[in-house]
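*Asks:* I have a structure here, written as structure tokens, and I will follow up with some questions on it.
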Amino acid sequence: MQFACRRAAVPFLALALGAQAGAQAPAGPPVQEAILKAAVPGAGDWLGRSLALDGDTLLVGAEDEDGGSPGVNGDQTNDDLEDAGAAYVFVLGPSGWTQQAYLKAAAPAADEDFGAAVALSGDVAVVGAPRTTLDDVRVGAAHVYERSGGVWSHVAVLRASNPGFGDTFGAAVAVSGDTIVVAAPSEDSAATGVDGDQLDEGASASGAAYVFVRDGAGWTQQAYLKASNTGSGDHFGEALALEGDTLVAGASDEDSAATGVDGDQAGNSAPSAGAAYVFTRSGSAWTQQAYLKASNTDSLDAFGLSVALSGDTLAVGAPGEAGFSAGVGANQASDGAPAAGAAYVFTRSGSTWSQQVYIKSLAPDSADIFGFGLGLAGDVLVVGAPREDGSSCGVNGPATDDGLKDAGAAFVYARAGSSWSAHGYLKPSLSSGEFTRFGDTCAASGPLVVVGSWHQDGAAPGVNGDQTLTGPGSLDSGAAYVFDLDPEPWTDLTFGLSGAAGAPLLSGTGPLSAGTPASIDLSGAAPGAGSILVVGLQQLSAALKQGILVPAPQFLLPLASDGSGAWSLPFTWPSGIPAGAVMYLQAWVPDAGGPWGFAASNALEAVAH
């Protein structure tokens with residue numbers, strides 16, 4: 001079921017950033033650039049359950065997809081293997097996003113959960129399949145794909161050096177250059193540190209991580225990593241982040257009550273408080289560099305359930321954290337909203353890590369699990385809260401309107417110097433309803449942010465399909481939403497026709513592709529007046545009456561007034577507008593002081609991709 005959007009009467013950034021003066025956010029709000037679906041959406045596929053973004057390439061996992069075709073770009077209509085899983089490669093080109101590849105295991109089997117985890121670095125993609133069997137035992141695997149000239153090939157299957165039943169090898173994966181790390185968070189060895197005894201089965205579900213490096217044309221295991229304080233049920237490695245020679249492994253069920261960096265690892269008085277471990281490599285030798293805990297460690301916080309790394313900055317999610325204070329640098333002592341969630345940012349100077357900031361959502365609420373999904377790119381952090389209940393749609397709507405249970409949201413934060421500030425509250429441009437878990441997964445690269453919604457029910461296939469199209473065959477098919485943090489501005493043609501309230505001001509940003517939501521803002525209109533957005537494919541050679549620019553409109557869009565003379569709304573390029581077409585937009589507003597009884601805004605020129 002689709003729900004209408006509710007819009008804020010007061011601009012979001014004025015509220016969210018007003019209390020955080022001095023922190024400079026990127027110019028302008030984010031805009032939704034695309035919604036990505038499988039070419040053949042299927043009920044229960046869970047597309048968006050995992051995400052990886054590198055530049056203009058996006059890898060999306062769908063761990064319960066049922067296709068039976070092996071390898072790359074097989075028959076996407078084949079549904080012979082229940083929950084075998086798949087992964088999809090999308091690329092951004094001059095004409096927008098397109099699906100480049102459909103990835104399956106070399107020999108897919110039912111219930112493998114292929115796509116439960118994905119990782120991407122340049123032309124190398126890694127897909128985890130934690131329920132893959134070996135000799136009829138479920139031990140897990142990871143599959144490696146490489147791209148050459150736009151063509152993807154399956155090149156390797158990675159397995160643990162000590163495979164064991166239920167180890168879930170492949171539940172988390174990471175790749176950077178010629179290094180791949182695969183975690184088995186349910187692995188049972190009681191070893192600690194680097195390259196310990198892999199055969200000691202004395203710590204059930206303690207977890208391990210395996211480092212592989214490219215060796216000629218193949219991949220070989222370089223190291224076997226365990227926590228420095230291995231404990232049963234810690235699930236070390238359930239989240240991974242890798243960049244160059246630095247690896248971070250999360251263990252959300254670790255039980256130490258220590259706080260901060262390199263505290264006492266020995267205690268177990270805070271069940272499932274969680275921890276994160278930083279490892280670094282010199283040559284081919286790995287060592288643990290840091291043991292990280294929250295600054296306000298508490299039981300059940302699940303610190304380390306998500307991690308994201310960019311250079312010397314690390315973000316760690318704690319979706320079980322219970323603080324009820326809001327925003328950046330909130331009061332860490334507050335503790336009345338179970339599982340509201342939090343995110344912690346750490347920075348490294350030399351080899352020393354320290355916590356830089358503690359971040360909460362703009363309106364924390366119990367069970368939002370803020371921090372479940374994370375993406376980090378330079379000075380931009382995106383944090384998912386997949387059980388947030390906000391009923392607004394699009395970007396920067398009201399964050400306190402709780403009308404859709406577990407609809408989910410994502411929050412964007414930006415850093416200037418060492419100060420972080422809120423920059424965006426993200427929801428789908430058209431709500432998919434309750435329980436869609438938007439924000440369960442997040443990724444960031446350059447100006448792009450991607451948010452997964454694996455319970456989204458849309459039936460429209462491919463890129464930017466009809467978001468209102470649903471059906472029983474599309475239940476939980478899943479989707480990934482792409483947002484641009486630095487949208488292309490539209491050209492201001494500086495026309496306008498003044499009324500008693502002056503000349504209204506029209507502005508717009510967003511991706512200029514057919515069927516894709518962008519953003520239109522109008523200010524300075526007569527308070528309480530309605531208006532019409534006029535869109536055409538040509539302009540007058542000279543402005544009529546010094547102000548009217550758009551003749552023979554392609555369509556007219558009525559804009560309802562909020563009483564203040566300001567409007568903000570999503571705008572979708574009409575289908576059928578070809579790439580390269582120039583469109584012109586202008587707002588006409590009733591105003592008795594205008595020459596013809598109305599005022600006209602400046603005109604905008606935009607070229608469709």
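Within each chain, counting starts at residue 1; across the structure tokens, chains are named A, B, ... in the order shown, with ligands numbered 1 upward in that order.
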Excluding Gly202 (chain A) and any residue of its chain fewer than 2 positions from it, enumerate the residues within 10 Å of it, using only C-alpha atoms, and give them as a PyMOL selection string.

*Replies:* chain A and resi 188-191+199-200+204-206+231-232

*Asks:* Determine, using only C-alpha atoms, which residues of region 137-212 of chain A have any atom at most 7 Å from an atom of region 241-257 of chain A, and tabulate each with its shortest atom pair and distance in Å to one decimal place, rows ordered by chain and then rising number, as a Markdown table.

*Replies:*
| residue | atom | partner | partner_atom | distance |
| --- | --- | --- | --- | --- |
| A:Ala174 | CA | A:Leu242 | CA | 5.8 |
| A:Val175 | CA | A:Leu242 | CA | 6.3 |
| A:Ser176 | CA | A:Glu243 | CA | 5.5 |

*Asks:* Separation of CA of Ser306 (chain A) and CA of Ala342 (chain A), in Å?

*Replies:*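 Between these atoms lies a distance of 10.9 Å.
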
*Asks:* Take CA of Gly471 (chain A) and CA of Gly44 (chain A) and report the distance between them in Å, one decimal.

*Replies:*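 Separation of CA of Gly471 (chain A) and CA of Gly44 (chain A): 12.3 Å.
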
*Asks:* In region 263-295 of chain A, what's strand (DSSP E or B) per DSSP? Answer as a PyMOL selection string?

*Replies:* chain A and resi 274-282+285-292

*Asks:* Would you write out those residues with N, CA and C atoms, as a PDB file, in the first residue's frame?

*Replies:*
ATOM      1  N   GLY A 274      29.323  -5.039  23.123  1.00  0.00           N
ATOM      2  CA  GLY A 274      29.934  -4.944  21.807  1.00  0.00           C
ATOM      3  C   GLY A 274      31.283  -4.261  21.802  1.00  0.00           C
ATOM      4  N   ALA A 275      32.052  -4.555  20.765  1.00  0.00           N
ATOM      5  CA  ALA A 275      33.390  -3.985  20.592  1.00  0.00           C
ATOM      6  C   ALA A 275      33.756  -3.971  19.116  1.00  0.00           C
ATOM      7  N   ALA A 276      34.784  -3.209  18.795  1.00  0.00           N
ATOM      8  CA  ALA A 276      35.359  -3.207  17.447  1.00  0.00           C
ATOM      9  C   ALA A 276      36.869  -3.322  17.574  1.00  0.00           C
ATOM     10  N   TYR A 277      37.484  -4.042  16.649  1.00  0.00           N
ATOM     11  CA  TYR A 277      38.912  -4.334  16.678  1.00  0.00           C
ATOM     12  C   TYR A 277      39.549  -3.808  15.399  1.00  0.00           C
ATOM     13  N   VAL A 278      40.630  -3.067  15.549  1.00  0.00           N
ATOM     14  CA  VAL A 278      41.351  -2.529  14.398  1.00  0.00           C
ATOM     15  C   VAL A 278      42.646  -3.317  14.220  1.00  0.00           C
ATOM     16  N   PHE A 279      42.848  -3.821  13.008  1.00  0.00           N
ATOM     17  CA  PHE A 279      44.071  -4.525  12.649  1.00  0.00           C
ATOM     18  C   PHE A 279      44.778  -3.755  11.541  1.00  0.00           C
ATOM     19  N   THR A 280      46.097  -3.788  11.558  1.00  0.00           N
ATOM     20  CA  THR A 280      46.876  -3.171  10.477  1.00  0.00           C
ATOM     21  C   THR A 280      47.901  -4.164   9.965  1.00  0.00           C
ATOM     22  N   ARG A 281      48.316  -3.957   8.735  1.00  0.00           N
ATOM     23  CA  ARG A 281      49.279  -4.841   8.070  1.00  0.00           C
ATOM     24  C   ARG A 281      50.542  -4.078   7.723  1.00  0.00           C
ATOM     25  N   SER A 282      51.675  -4.705   8.000  1.00  0.00           N
ATOM     26  CA  SER A 282      52.979  -4.197   7.571  1.00  0.00           C
ATOM     27  C   SER A 282      53.643  -5.306   6.777  1.00  0.00           C
ATOM     28  N   ALA A 285      52.423  -8.994   7.410  1.00  0.00           N
ATOM     29  CA  ALA A 285      52.163  -9.320   8.814  1.00  0.00           C
ATOM     30  C   ALA A 285      51.064  -8.431   9.376  1.00  0.00           C
ATOM     31  N   TRP A 286      50.055  -9.063   9.988  1.00  0.00           N
ATOM     32  CA  TRP A 286      48.946  -8.346  10.596  1.00  0.00           C
ATOM     33  C   TRP A 286      49.108  -8.295  12.117  1.00  0.00           C
ATOM     34  N   THR A 287      48.740  -7.164  12.717  1.00  0.00           N
ATOM     35  CA  THR A 287      48.722  -7.021  14.169  1.00  0.00           C
ATOM     36  C   THR A 287      47.482  -6.227  14.564  1.00  0.00           C
ATOM     37  N   GLN A 288      47.013  -6.455  15.794  1.00  0.00           N
ATOM     38  CA  GLN A 288      45.885  -5.660  16.284  1.00  0.00           C
ATOM     39  C   GLN A 288      46.401  -4.307  16.738  1.00  0.00           C
ATOM     40  N   GLN A 289      45.801  -3.243  16.221  1.00  0.00           N
ATOM     41  CA  GLN A 289      46.225  -1.888  16.569  1.00  0.00           C
ATOM     42  C   GLN A 289      45.401  -1.288  17.693  1.00  0.00           C
ATOM     43  N   ALA A 290      44.128  -1.626  17.760  1.00  0.00           N
ATOM     44  CA  ALA A 290      43.283  -1.002  18.782  1.00  0.00           C
ATOM     45  C   ALA A 290      42.073  -1.868  19.101  1.00  0.00           C
ATOM     46  N   TYR A 291      41.603  -1.716  20.320  1.00  0.00           N
ATOM     47  CA  TYR A 291      40.392  -2.361  20.813  1.00  0.00           C
ATOM     48  C   TYR A 291      39.464  -1.220  21.210  1.00  0.00           C
ATOM     49  N   LEU A 292      38.344  -1.088  20.497  1.00  0.00           N
ATOM     50  CA  LEU A 292      37.479   0.080  20.651  1.00  0.00           C
ATOM     51  C   LEU A 292      36.172  -0.296  21.322  1.00  0.00           C
TER      52      LEU A 292
END

*Asks:* For the atom pair CA of Arg214 (chain A) and CA of Glu187 (chain A), what is the interatomic distance in Å to one decimal place?

*Replies:* 23.9 Å
